[in-house]
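Engineer: Structure file upload_1.csv (CSV, C-alpha atoms) right here:
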```csv
chain,number,residue,atom,x,y,z
A,1,MET,CA,30.5,-0.5,26.9
A,2,GLY,CA,33.9,-2.0,26.3
A,3,SER,CA,33.8,-2.3,22.5
A,4,ARG,CA,36.8,-0.1,21.8
A,5,ASP,CA,39.8,-1.6,20.1
A,6,GLY,CA,37.7,-4.5,18.7
A,7,ASP,CA,37.2,-6.3,22.0
A,8,SER,CA,34.4,-8.8,21.3
A,9,ARG,CA,34.3,-9.8,25.0
A,10,GLN,CA,33.8,-6.2,26.2
A,11,LEU,CA,36.1,-6.9,29.2
A,12,ASP,CA,37.2,-3.2,29.4
A,13,GLY,CA,33.6,-2.0,29.9
A,14,VAL,CA,30.1,-2.8,31.2
A,15,GLY,CA,28.7,-4.6,28.1
A,16,GLY,CA,27.6,-8.2,28.2
A,17,ALA,CA,29.4,-9.3,24.9
A,18,THR,CA,26.1,-9.8,23.0
A,19,SER,CA,24.1,-7.4,20.9
A,20,THR,CA,21.2,-7.7,23.3
A,21,THR,CA,23.4,-6.6,26.3
A,22,SER,CA,25.3,-3.8,24.6
A,23,LYS,CA,22.7,-1.1,24.6
A,24,VAL,CA,22.2,2.4,26.0
A,25,ALA,CA,19.2,4.6,26.8
A,26,ILE,CA,19.7,8.3,27.1
A,27,VAL,CA,16.8,9.9,29.0
A,28,SER,CA,16.0,13.6,29.7
A,29,LYS,CA,13.0,15.6,30.8
A,30,SER,CA,11.1,16.7,27.7
A,31,THR,CA,9.9,20.2,26.7
A,32,ARG,CA,7.5,18.7,24.1
A,33,PRO,CA,3.8,19.4,24.7
A,34,GLY,CA,2.1,16.3,26.2
A,35,ILE,CA,5.4,14.4,26.6
A,36,ASP,CA,7.1,13.6,29.9
A,37,VAL,CA,10.6,12.5,28.8
A,38,ASP,CA,12.7,12.2,25.7
A,39,TYR,CA,14.6,8.9,25.1
A,40,THR,CA,17.4,8.2,22.6
A,41,PHE,CA,18.5,4.6,22.0
A,42,ALA,CA,22.1,3.6,21.1
A,43,GLN,CA,23.1,0.1,19.9
A,44,VAL,CA,26.8,-0.3,20.6
A,45,GLY,CA,28.5,-2.7,18.3
A,46,VAL,CA,30.2,-5.8,20.0
A,47,GLY,CA,33.8,-6.1,18.8
A,48,SER,CA,33.6,-2.8,17.0
A,49,SER,CA,33.7,0.9,17.8
A,50,LYS,CA,30.4,1.6,15.9
A,51,VAL,CA,27.3,3.0,17.6
A,52,ASP,CA,24.0,2.7,15.7
A,53,PHE,CA,21.3,5.3,16.4
A,54,SER,CA,19.1,4.2,13.5
A,55,GLY,CA,16.2,2.5,15.4
A,56,ASN,CA,14.5,1.9,18.7
A,57,CYS,CA,14.8,-0.9,21.2
A,58,GLY,CA,11.5,-1.9,23.0
A,59,ASN,CA,13.2,-3.9,25.7
A,60,ILE,CA,15.5,-1.0,26.7
A,61,CYS,CA,12.5,1.4,26.3
A,62,SER,CA,10.5,-0.6,28.9
A,63,GLY,CA,12.9,0.6,31.6
A,64,VAL,CA,12.6,4.3,30.6
A,65,GLY,CA,9.3,4.8,32.5
A,66,PRO,CA,10.5,3.3,35.8
A,67,PHE,CA,13.8,5.2,35.4
A,68,ALA,CA,12.0,8.5,34.8
A,69,LEU,CA,9.9,8.0,38.0
A,70,ASP,CA,12.8,7.0,40.2
A,71,GLU,CA,15.0,9.9,39.0
A,72,GLY,CA,12.3,12.5,39.5
A,73,LEU,CA,11.7,13.3,35.9
A,74,VAL,CA,8.0,12.6,36.4
A,75,GLU,CA,6.1,13.0,39.7
A,76,PRO,CA,3.1,10.9,40.8
A,77,GLY,CA,0.1,12.3,42.7
A,78,ASN,CA,-0.4,11.7,46.4
A,79,GLY,CA,-1.5,8.1,47.0
A,80,GLN,CA,-1.2,7.2,43.2
A,81,THR,CA,-0.5,3.5,42.6
A,82,GLU,CA,-0.2,3.6,38.8
A,83,MET,CA,0.7,6.2,36.3
A,84,ASP,CA,1.3,6.7,32.6
A,85,VAL,CA,4.7,8.0,31.4
A,86,ARG,CA,4.6,9.5,28.0
A,87,ILE,CA,7.9,9.0,26.2
A,88,PHE,CA,9.2,10.5,22.9
A,89,ASN,CA,11.7,8.2,21.1
A,90,THR,CA,14.0,10.6,19.2
A,91,ASN,CA,15.4,7.8,17.0
A,92,THR,CA,12.0,7.1,15.4
A,93,SER,CA,10.1,10.3,16.3
A,94,ARG,CA,7.3,8.2,17.8
A,95,GLU,CA,5.4,8.4,21.1
A,96,ILE,CA,5.3,5.5,23.6
A,97,VAL,CA,3.1,5.4,26.7
A,98,GLU,CA,4.2,3.2,29.6
A,99,THR,CA,1.9,2.3,32.4
A,100,ILE,CA,3.9,1.5,35.5
A,101,LYS,CA,3.1,0.6,39.2
A,102,ILE,CA,4.0,3.0,42.0
A,103,GLY,CA,5.0,1.8,45.5
A,104,PRO,CA,4.1,3.4,48.8
A,105,ASP,CA,7.4,5.4,48.7
A,106,GLY,CA,6.4,7.0,45.4
A,107,LYS,CA,9.1,5.1,43.5
A,108,PHE,CA,8.6,2.4,40.9
A,109,CYS,CA,7.2,-0.8,42.3
A,110,GLU,CA,9.4,-3.7,40.9
A,111,PHE,CA,7.5,-6.5,42.5
A,112,GLY,CA,4.6,-8.4,41.0
A,113,ASP,CA,3.4,-11.6,39.5
A,114,TYR,CA,3.8,-10.9,35.8
A,115,ARG,CA,6.1,-13.3,33.9
A,116,ILE,CA,7.6,-13.0,30.5
A,117,GLY,CA,9.2,-15.7,28.2
A,118,GLY,CA,12.9,-16.1,28.6
A,119,VAL,CA,13.2,-14.4,32.0
A,120,LYS,CA,13.2,-16.2,35.3
A,121,GLY,CA,10.9,-15.2,38.1
A,122,THR,CA,8.1,-12.6,38.2
A,123,ALA,CA,7.9,-8.9,38.5
A,124,SER,CA,5.7,-5.8,38.2
A,125,GLU,CA,4.0,-5.6,34.7
A,126,ILE,CA,4.9,-2.6,32.6
A,127,GLU,CA,2.5,-2.0,29.7
A,128,VAL,CA,4.3,-0.5,26.8
A,129,ALA,CA,2.0,1.1,24.2
A,130,PHE,CA,3.5,2.2,20.9
A,131,ILE,CA,1.3,5.0,19.6
A,132,ASN,CA,0.9,5.3,15.8
A,133,PRO,CA,4.0,3.2,15.3
A,134,ALA,CA,3.8,3.0,11.5
A,135,GLY,CA,6.5,4.6,9.4
A,136,SER,CA,9.2,4.9,12.1
A,137,MET,CA,12.0,5.3,9.6
A,138,THR,CA,10.5,5.1,6.2
A,139,GLY,CA,7.3,7.1,6.7
A,140,LYS,CA,5.1,4.2,5.6
A,141,LEU,CA,3.6,1.1,7.2
A,142,LEU,CA,4.5,-0.8,4.0
A,143,PRO,CA,7.6,1.0,2.7
A,144,THR,CA,7.4,-0.5,-0.8
A,145,GLY,CA,3.6,-0.2,-1.0
A,146,LEU,CA,3.2,-4.0,-1.3
A,147,PRO,CA,2.0,-6.4,1.5
A,148,GLN,CA,4.2,-9.2,0.1
A,149,GLU,CA,6.8,-9.6,-2.6
A,150,THR,CA,9.6,-11.8,-3.9
A,151,LEU,CA,13.3,-10.9,-3.3
A,152,ASN,CA,15.9,-12.3,-5.6
A,153,ALA,CA,19.4,-13.0,-4.4
A,154,SER,CA,21.3,-13.6,-7.6
A,155,SER,CA,24.7,-11.8,-7.3
A,156,THR,CA,26.3,-13.3,-4.3
A,157,PRO,CA,29.7,-14.9,-5.1
A,158,GLY,CA,30.0,-18.6,-4.3
A,159,MET,CA,26.3,-19.0,-3.7
A,160,GLU,CA,23.5,-20.4,-5.9
A,161,PRO,CA,20.8,-17.7,-6.7
A,162,PHE,CA,17.6,-18.0,-4.7
A,163,THR,CA,14.3,-16.2,-4.1
A,164,VAL,CA,12.3,-15.7,-1.0
A,165,ASN,CA,8.8,-14.4,-0.2
A,166,VAL,CA,8.9,-11.5,2.2
A,167,SER,CA,6.9,-8.7,3.7
A,168,MET,CA,8.7,-5.4,4.5
A,169,VAL,CA,6.9,-3.6,7.3
A,170,ASP,CA,7.8,-0.5,9.3
A,171,ALA,CA,6.0,-0.2,12.7
A,172,ALA,CA,8.1,0.8,15.7
A,173,ASN,CA,11.1,-0.4,13.7
A,174,PRO,CA,11.5,-1.5,10.1
A,175,PHE,CA,11.5,-5.3,9.7
A,176,VAL,CA,11.7,-7.7,6.8
A,177,PHE,CA,9.6,-10.8,7.5
A,178,VAL,CA,10.5,-13.9,5.5
A,179,ASP,CA,8.4,-17.0,4.9
A,180,ALA,CA,10.5,-19.9,6.2
A,181,SER,CA,9.1,-22.3,3.6
A,182,THR,CA,10.7,-20.2,0.9
A,183,MET,CA,14.2,-20.1,2.4
A,184,PRO,CA,16.8,-21.8,0.2
A,185,LYS,CA,17.6,-25.5,0.7
A,186,THR,CA,21.1,-24.6,1.9
A,187,TRP,CA,19.7,-22.6,4.8
A,188,GLN,CA,17.1,-25.3,5.5
A,189,SER,CA,19.8,-28.0,5.9
A,190,LEU,CA,22.1,-26.0,8.2
A,191,ASP,CA,22.1,-25.3,11.9
A,192,ARG,CA,20.6,-21.8,12.4
A,193,ASN,CA,23.8,-20.5,13.9
A,194,ASP,CA,26.0,-21.9,11.1
A,195,PRO,CA,28.0,-19.0,9.6
A,196,MET,CA,26.6,-19.8,6.1
A,197,ALA,CA,23.0,-19.8,7.4
A,198,LEU,CA,23.6,-16.4,9.1
A,199,GLU,CA,25.2,-15.1,5.9
A,200,ILE,CA,22.1,-16.1,3.9
A,201,VAL,CA,19.9,-14.2,6.3
A,202,GLU,CA,22.2,-11.2,6.1
A,203,ILE,CA,22.1,-11.2,2.3
A,204,ILE,CA,18.3,-11.1,2.4
A,205,ARG,CA,18.4,-8.2,5.0
A,206,ARG,CA,20.7,-6.2,2.8
A,207,ILE,CA,18.6,-6.6,-0.3
A,208,ALA,CA,15.5,-5.6,1.7
A,209,ALA,CA,17.3,-2.5,3.1
A,210,VAL,CA,17.8,-1.2,-0.4
A,211,ARG,CA,14.2,-2.1,-1.5
A,212,MET,CA,12.9,-0.3,1.6
A,213,GLY,CA,14.9,2.8,0.8
A,214,LEU,CA,17.0,2.5,3.9
A,215,ALA,CA,20.3,2.0,2.0
A,216,ARG,CA,21.7,3.1,-1.4
A,217,ASP,CA,23.1,-0.3,-2.1
A,218,GLU,CA,23.9,-3.6,-0.5
A,219,ALA,CA,27.4,-2.4,0.5
A,220,SER,CA,26.1,0.5,2.5
A,221,ALA,CA,23.4,-1.7,4.0
A,222,SER,CA,26.1,-3.9,5.4
A,223,GLN,CA,27.5,-0.9,7.4
A,224,VAL,CA,24.2,-0.4,9.3
A,225,ARG,CA,23.2,-3.8,10.7
A,226,GLY,CA,20.7,-2.4,13.2
A,227,THR,CA,18.0,-1.6,10.6
A,228,PRO,CA,16.1,-3.0,8.9
A,229,LYS,CA,15.9,-6.0,11.2
A,230,ILE,CA,15.0,-9.4,9.9
A,231,ALA,CA,12.9,-12.4,11.2
A,232,ILE,CA,12.0,-15.7,9.7
A,233,LEU,CA,8.3,-16.8,10.1
A,234,SER,CA,6.7,-20.2,10.3
A,235,GLN,CA,3.6,-21.8,11.7
A,236,ALA,CA,3.5,-22.0,15.5
A,237,GLU,CA,4.6,-25.3,17.1
A,238,SER,CA,1.8,-25.2,19.7
A,239,ARG,CA,-1.5,-26.5,18.4
A,240,THR,CA,-4.1,-26.0,21.3
A,241,HIS,CA,-6.8,-23.5,20.4
A,242,ASN,CA,-7.5,-21.1,23.3
A,243,ASP,CA,-6.8,-17.5,24.2
A,244,THR,CA,-3.1,-18.0,24.5
A,245,THR,CA,-2.6,-20.2,21.4
A,246,PRO,CA,0.3,-18.7,19.4
A,247,ASP,CA,-0.6,-17.3,16.0
A,248,ILE,CA,2.9,-17.6,14.5
A,249,HIS,CA,6.4,-18.7,15.3
A,250,VAL,CA,9.3,-16.2,14.8
A,251,THR,CA,13.0,-16.6,14.6
A,252,SER,CA,14.6,-13.2,14.8
A,253,TYR,CA,18.1,-11.9,14.3
A,254,SER,CA,20.1,-9.1,15.9
A,255,MET,CA,23.2,-7.6,14.5
A,256,GLY,CA,24.0,-10.6,12.4
A,257,LYS,CA,23.2,-13.2,15.1
A,258,MET,CA,20.2,-15.1,16.2
A,259,HIS,CA,18.2,-13.3,18.9
A,260,PRO,CA,17.6,-15.4,22.0
A,261,SER,CA,13.9,-14.5,22.1
A,262,PHE,CA,12.3,-11.6,20.1
A,263,GLN,CA,12.8,-7.9,20.0
A,264,LEU,CA,9.9,-6.0,21.6
A,265,THR,CA,9.8,-3.6,18.6
A,266,GLY,CA,9.7,-6.8,16.5
A,267,ALA,CA,6.6,-7.9,18.4
A,268,VAL,CA,5.0,-4.6,17.6
A,269,CYS,CA,5.9,-4.8,14.0
A,270,LEU,CA,4.9,-8.4,13.5
A,271,SER,CA,1.6,-7.9,15.3
A,272,ALA,CA,0.9,-5.0,12.9
A,273,ALA,CA,1.9,-7.2,10.0
A,274,ILE,CA,-0.4,-10.0,11.0
A,275,SER,CA,-3.2,-7.4,11.0
A,276,ILE,CA,-2.5,-6.5,7.4
A,277,PRO,CA,-4.3,-8.8,4.8
A,278,GLY,CA,-1.9,-10.3,2.3
A,279,THR,CA,1.3,-10.1,4.2
A,280,VAL,CA,3.5,-13.2,4.8
A,281,ALA,CA,2.7,-12.9,8.5
A,282,SER,CA,-1.1,-12.8,7.9
A,283,ASP,CA,-1.0,-15.7,5.5
A,284,ILE,CA,1.0,-17.9,7.8
A,285,ALA,CA,-1.2,-17.1,10.8
A,286,GLU,CA,-4.4,-17.8,8.9
A,287,ARG,CA,-3.3,-21.2,7.8
A,288,GLN,CA,-2.5,-22.3,11.3
A,289,ASP,CA,-3.8,-25.8,11.8
A,290,TYR,CA,-5.7,-25.8,15.1
A,291,PRO,CA,-7.2,-29.1,16.3
A,292,THR,CA,-10.6,-27.6,17.3
A,293,PRO,CA,-13.5,-29.8,18.3
A,294,PRO,CA,-16.2,-30.4,15.6
A,295,GLY,CA,-18.7,-27.6,15.3
A,296,THR,CA,-16.4,-25.0,16.8
A,297,PRO,CA,-16.9,-21.6,15.0
A,298,ASP,CA,-13.8,-20.6,13.0
A,299,GLU,CA,-12.8,-17.4,14.8
A,300,GLY,CA,-9.3,-17.2,13.1
A,301,LEU,CA,-7.7,-13.9,14.0
A,302,GLU,CA,-10.9,-12.0,14.3
A,303,GLY,CA,-11.0,-9.3,17.0
A,304,VAL,CA,-13.6,-7.0,18.5
A,305,ILE,CA,-15.0,-3.6,17.4
A,306,SER,CA,-13.8,-1.0,19.8
A,307,ALA,CA,-16.8,1.2,20.8
A,308,LYS,CA,-14.5,3.8,22.3
A,309,SER,CA,-12.5,4.5,19.1
A,310,GLY,CA,-14.7,3.0,16.4
A,311,GLY,CA,-11.7,0.9,15.4
A,312,PHE,CA,-10.8,-2.7,15.6
A,313,GLU,CA,-8.9,-4.4,18.5
A,314,LYS,CA,-7.5,-7.9,18.7
A,315,GLN,CA,-4.9,-10.0,20.6
A,316,VAL,CA,-1.9,-11.6,18.9
A,317,VAL,CA,0.3,-14.2,20.5
A,318,LEU,CA,3.8,-14.7,19.1
A,319,GLU,CA,5.9,-17.8,19.7
A,320,HIS,CA,9.7,-17.5,19.9
A,321,ALA,CA,12.6,-19.6,21.1
A,322,SER,CA,12.3,-18.6,24.7
A,323,GLY,CA,8.5,-18.5,25.1
A,324,GLU,CA,5.7,-16.2,23.9
A,325,ILE,CA,4.8,-12.5,23.6
A,326,THR,CA,1.2,-11.3,23.7
A,327,ALA,CA,0.2,-8.0,22.0
A,328,ARG,CA,-3.0,-6.0,21.7
A,329,VAL,CA,-3.4,-4.3,18.3
A,330,LYS,CA,-5.7,-1.4,17.6
A,331,THR,CA,-6.4,-0.6,14.0
A,332,ARG,CA,-9.0,1.4,12.0
A,333,GLU,CA,-9.8,1.8,8.3
A,334,ASP,CA,-9.2,5.2,6.8
A,335,SER,CA,-10.8,6.2,3.4
A,336,MET,CA,-7.5,7.8,2.3
A,337,GLU,CA,-4.8,5.8,4.1
A,338,GLY,CA,-6.4,2.3,4.2
A,339,LEU,CA,-5.5,0.3,7.3
A,340,VAL,CA,-4.1,2.5,10.1
A,341,VAL,CA,-2.4,1.0,13.2
A,342,GLU,CA,-3.4,3.2,16.1
A,343,SER,CA,-1.4,1.4,18.7
A,344,VAL,CA,0.3,-1.9,19.7
A,345,THR,CA,0.6,-2.7,23.4
A,346,VAL,CA,3.0,-5.2,24.9
A,347,SER,CA,4.1,-6.0,28.4
A,348,ARG,CA,7.6,-6.2,29.9
A,349,THR,CA,9.3,-6.2,33.3
A,350,ALA,CA,12.3,-4.2,34.6
A,351,ARG,CA,14.3,-3.6,37.7
A,352,ARG,CA,17.2,-1.4,38.7
A,353,LEU,CA,20.4,-3.5,38.8
A,354,PHE,CA,23.0,-0.9,39.8
A,355,GLU,CA,23.7,2.8,39.7
A,356,GLY,CA,27.0,4.6,39.6
A,357,ASN,CA,29.6,6.0,37.2
A,358,VAL,CA,31.4,4.5,34.3
A,359,LEU,CA,35.0,5.7,34.1
A,360,ILE,CA,36.3,6.3,30.6
A,361,ASN,CA,39.9,6.8,29.5
A,362,VAL,CA,39.8,9.2,26.6
```
Can you turn what I pasted into structure tokens?
Structural biologist:
Amino acid sequence: MGSRDGDSRQLDGVGGATSTTSKVAIVSKSTRPGIDVDYTFAQVGVGSSKVDFSGNCGNICSGVGPFALDEGLVEPGNGQTEMDVRIFNTNTSREIVETIKIGPDGKFCEFGDYRIGGVKGTASEIEVAFINPAGSMTGKLLPTGLPQETLNASSTPGMEPFTVNVSMVDAANPFVFVDASTMPKTWQSLDRNDPMALEIVEIIRRIAAVRMGLARDEASASQVRGTPKIAILSQAESRTHNDTTPDIHVTSYSMGKMHPSFQLTGAVCLSAAISIPGTVASDIAERQDYPTPPGTPDEGLEGVISAKSGGFEKQVVLEHASGEITARVKTREDSMEGLVVESVTVSRTARRLFEGNVLINV
């Protein structure tokens, strides 16, 4: 990718010099029953020689189905115009089902009218369903067993101690979600890209990593910046009440820097978190101030009962810096496990940019 020898511009490689454009998907035909392809995600450090295999990337994952079809790893039936590609993510040991369109030539159809926030133009819609996403790295939907708790940052040199309200959730990827209203005054007063503001966010992430059991201590947490991921939550800025009204606003971070939009696995995890009573996400979404006409029933975040599965299904709309992401969440109540997230489905687009060989000087 061009990160060797500490090159932060990745000039001697094919990376884009940001954490969101320095990623790799390794795909192969699967021998697992009921699975079409295996997929391994690699996050390549920018300006460092480190490669992080600790989590998944939903945006990169969305291209795996189209790639598998075009490379002949899966084969459609005669005249088939749509197919499901069943993917096993080796990083998180979770199944993902992608529904993709097929052109007359039997290859992936890139063209369509679906639009996603932060991307210019339209393309073919790819539905990405994360199946049983809970516990991708920790084995639990709520790694600490609590829907919400307080983290204390009291041992950072040169910084006043502070506390924040957070929810630590593991679905598709482990995330720590922070209530923006509890962030320290120093962070509130700074530009979000200010080094001190970024350091405060990183401090919280490291403390959460230890609390979630993903790191022995904060020093080791600093060595694995890919997981857990962190996002700051607040009330959505839009205030119209309709089917596309955002339920929450999210500011996410990737490898120590602000994410330009929101990770797809983050959308899965946050949608699951909103579905869990008592989380920071659920509390913020439920106190959203919609200007509804007098006499309008308060539907809140209610969904519908799924007759097919006997579970519960609802739509969640997430607002981020570049637009919105809509997700469909299917849950059910289990007498032993409590709330079970059966699946979270989100949509993306993808197209093939180039093909060829990367030459490496060993």
Engineer: So that I can check the surroundings of range 255-266 of chain A, please list as a PyMOL selection string every protein, DNA and RNA residue that reaches within 7 Å of it, counting all atoms listed in the file and ignoring chain neighbours fewer than 3 positions away.
Structural biologist: chain A and resi 19+57-59+118+172-173+193+198+202+225-226+252+269-270+320-322
Engineer: Could you save those same residues with C-alpha atoms as a tab-separated table (two decimals), in the frame of the given file?
Structural biologist:
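What landed in selection07.tsv:
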```
chain	number	residue	atom	x	y	z
A	19	SER	CA	24.10	-7.40	20.90
A	57	CYS	CA	14.80	-0.90	21.20
A	58	GLY	CA	11.50	-1.90	23.00
A	59	ASN	CA	13.20	-3.90	25.70
A	118	GLY	CA	12.90	-16.10	28.60
A	172	ALA	CA	8.10	0.80	15.70
A	173	ASN	CA	11.10	-0.40	13.70
A	193	ASN	CA	23.80	-20.50	13.90
A	198	LEU	CA	23.60	-16.40	9.10
A	202	GLU	CA	22.20	-11.20	6.10
A	225	ARG	CA	23.20	-3.80	10.70
A	226	GLY	CA	20.70	-2.40	13.20
A	252	SER	CA	14.60	-13.20	14.80
A	269	CYS	CA	5.90	-4.80	14.00
A	270	LEU	CA	4.90	-8.40	13.50
A	320	HIS	CA	9.70	-17.50	19.90
A	321	ALA	CA	12.60	-19.60	21.10
A	322	SER	CA	12.30	-18.60	24.70
```
Engineer: Can you pull out the residues contacting Ser93 in chain A? Cut-off 9 Å, using all atoms listed in the file, and skip same-chain residues under 5 positions away; I want them as number ranges by chain.
Structural biologist: A: 88, 136-137
Engineer: Do a neighbour search on range 330-344 of chain A at 9 Å with all atoms listed in the file, toss out local chain neighbours closer than 6 positions, and write the hits as a VMD selection string.
Structural biologist: chain A and resid 128 to 134 141 171 267 to 269 271 to 272 275 to 276 306 309 to 314
Engineer: To one decimal place in Å, what is the distance between CA of Ser254 in chain A and CA of Ile230 in chain A?
Structural biologist: 7.9 Å
Engineer: Here is a test: counting all atoms listed in the file, which residue of A:Phe177, A:Phe108, A:Phe53, A:Phe67 is nearest to Thr81 in chain A?
Structural biologist: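 For Thr81 in chain A, the nearest of the given residues is A:Phe108.
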Engineer: Mind pulling up the distance from CA of Leu151 in chain A to CA of Ile207 in chain A?
Structural biologist: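 Result for CA of Ile207 in chain A versus CA of Leu151 in chain A: 7.5 Å, one decimal.
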Engineer: Which one is closest to Ala153 in chain A: A:Gly103, A:Ile204, A:Thr40, A:Leu318? Count only C-alpha atoms.
Structural biologist: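 Counting only C-alpha atoms, the residue closest to Ala153 in chain A is A:Ile204.
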Engineer: Between A:Ile116, A:Ile203, A:Leu359, A:Ile35, which is the closest to Arg94 in chain A once you count all atoms listed in the file?
Structural biologist: A:Ile35
Engineer: Could you tell me which of A:Gly121, A:Gly356, A:Gly13, A:Gly55 comes closest to Lys229 in chain A if we count all atoms listed in the file?
Structural biologist: A:Gly55
Engineer: When distances are computed from only C-alpha atoms, which of A:Ser124, A:Gln43, A:Asn89, A:Thr186 shows the smallest separation from Glu160 in chain A?
Structural biologist: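 When distances to Glu160 in chain A are compared using only C-alpha atoms, the smallest one comes from A:Thr186.
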Engineer: Restricting the calculation to all atoms listed in the file: of A:Gly47, A:Gln148, A:Glu95, A:Lys101, which residue gets closest to Gln80 in chain A?
Structural biologist: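 Closest to Gln80 in chain A of all the choices is A:Lys101.
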Engineer: Determine, counting all atoms listed in the file, which protein, DNA and RNA residues have an atom within 12 Å of an atom of Pro184 in chain A; residues of the same chain fewer than 6 positions away are not included. Present the result as a VMD selection string.
Structural biologist: chain A and resid 151 to 153 159 to 165 178 190 196 to 197 200 to 201 204
Engineer: Restricted to C-alpha atoms, what would the selected residues look like written as a PDB file, in the coordinates of the input?
Structural biologist:
```pdb
ATOM      1  CA  LEU A 151      13.300 -10.900  -3.300  1.00  0.00           C
ATOM      2  CA  ASN A 152      15.900 -12.300  -5.600  1.00  0.00           C
ATOM      3  CA  ALA A 153      19.400 -13.000  -4.400  1.00  0.00           C
ATOM      4  CA  MET A 159      26.300 -19.000  -3.700  1.00  0.00           C
ATOM      5  CA  GLU A 160      23.500 -20.400  -5.900  1.00  0.00           C
ATOM      6  CA  PRO A 161      20.800 -17.700  -6.700  1.00  0.00           C
ATOM      7  CA  PHE A 162      17.600 -18.000  -4.700  1.00  0.00           C
ATOM      8  CA  THR A 163      14.300 -16.200  -4.100  1.00  0.00           C
ATOM      9  CA  VAL A 164      12.300 -15.700  -1.000  1.00  0.00           C
ATOM     10  CA  ASN A 165       8.800 -14.400  -0.200  1.00  0.00           C
ATOM     11  CA  VAL A 178      10.500 -13.900   5.500  1.00  0.00           C
ATOM     12  CA  LEU A 190      22.100 -26.000   8.200  1.00  0.00           C
ATOM     13  CA  MET A 196      26.600 -19.800   6.100  1.00  0.00           C
ATOM     14  CA  ALA A 197      23.000 -19.800   7.400  1.00  0.00           C
ATOM     15  CA  ILE A 200      22.100 -16.100   3.900  1.00  0.00           C
ATOM     16  CA  VAL A 201      19.900 -14.200   6.300  1.00  0.00           C
ATOM     17  CA  ILE A 204      18.300 -11.100   2.400  1.00  0.00           C
TER      18      ILE A 204
END
```
Engineer: Report the distance between CA of Lys50 in chain A and CA of Arg206 in chain A in Å, rounded to one decimal place.
Structural biologist: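 Interatomic distance, CA of Lys50 in chain A to CA of Arg206 in chain A: 18.1 Å.
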Engineer: Just want the 9 Å neighbourhood of Glu149 in chain A, counted on only C-alpha atoms, with same-chain residues fewer than 6 positions away dropped. Output as a PDB file with C-alpha atoms, keeping the file's coordinate frame.
Structural biologist:
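For reference, part.pdb as written:
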```pdb
ATOM      1  CA  VAL A 164      12.300 -15.700  -1.000  1.00  0.00           C
ATOM      2  CA  ASN A 165       8.800 -14.400  -0.200  1.00  0.00           C
ATOM      3  CA  VAL A 166       8.900 -11.500   2.200  1.00  0.00           C
ATOM      4  CA  SER A 167       6.900  -8.700   3.700  1.00  0.00           C
ATOM      5  CA  MET A 168       8.700  -5.400   4.500  1.00  0.00           C
ATOM      6  CA  THR A 279       1.300 -10.100   4.200  1.00  0.00           C
ATOM      7  CA  VAL A 280       3.500 -13.200   4.800  1.00  0.00           C
TER       8      VAL A 280
END
```
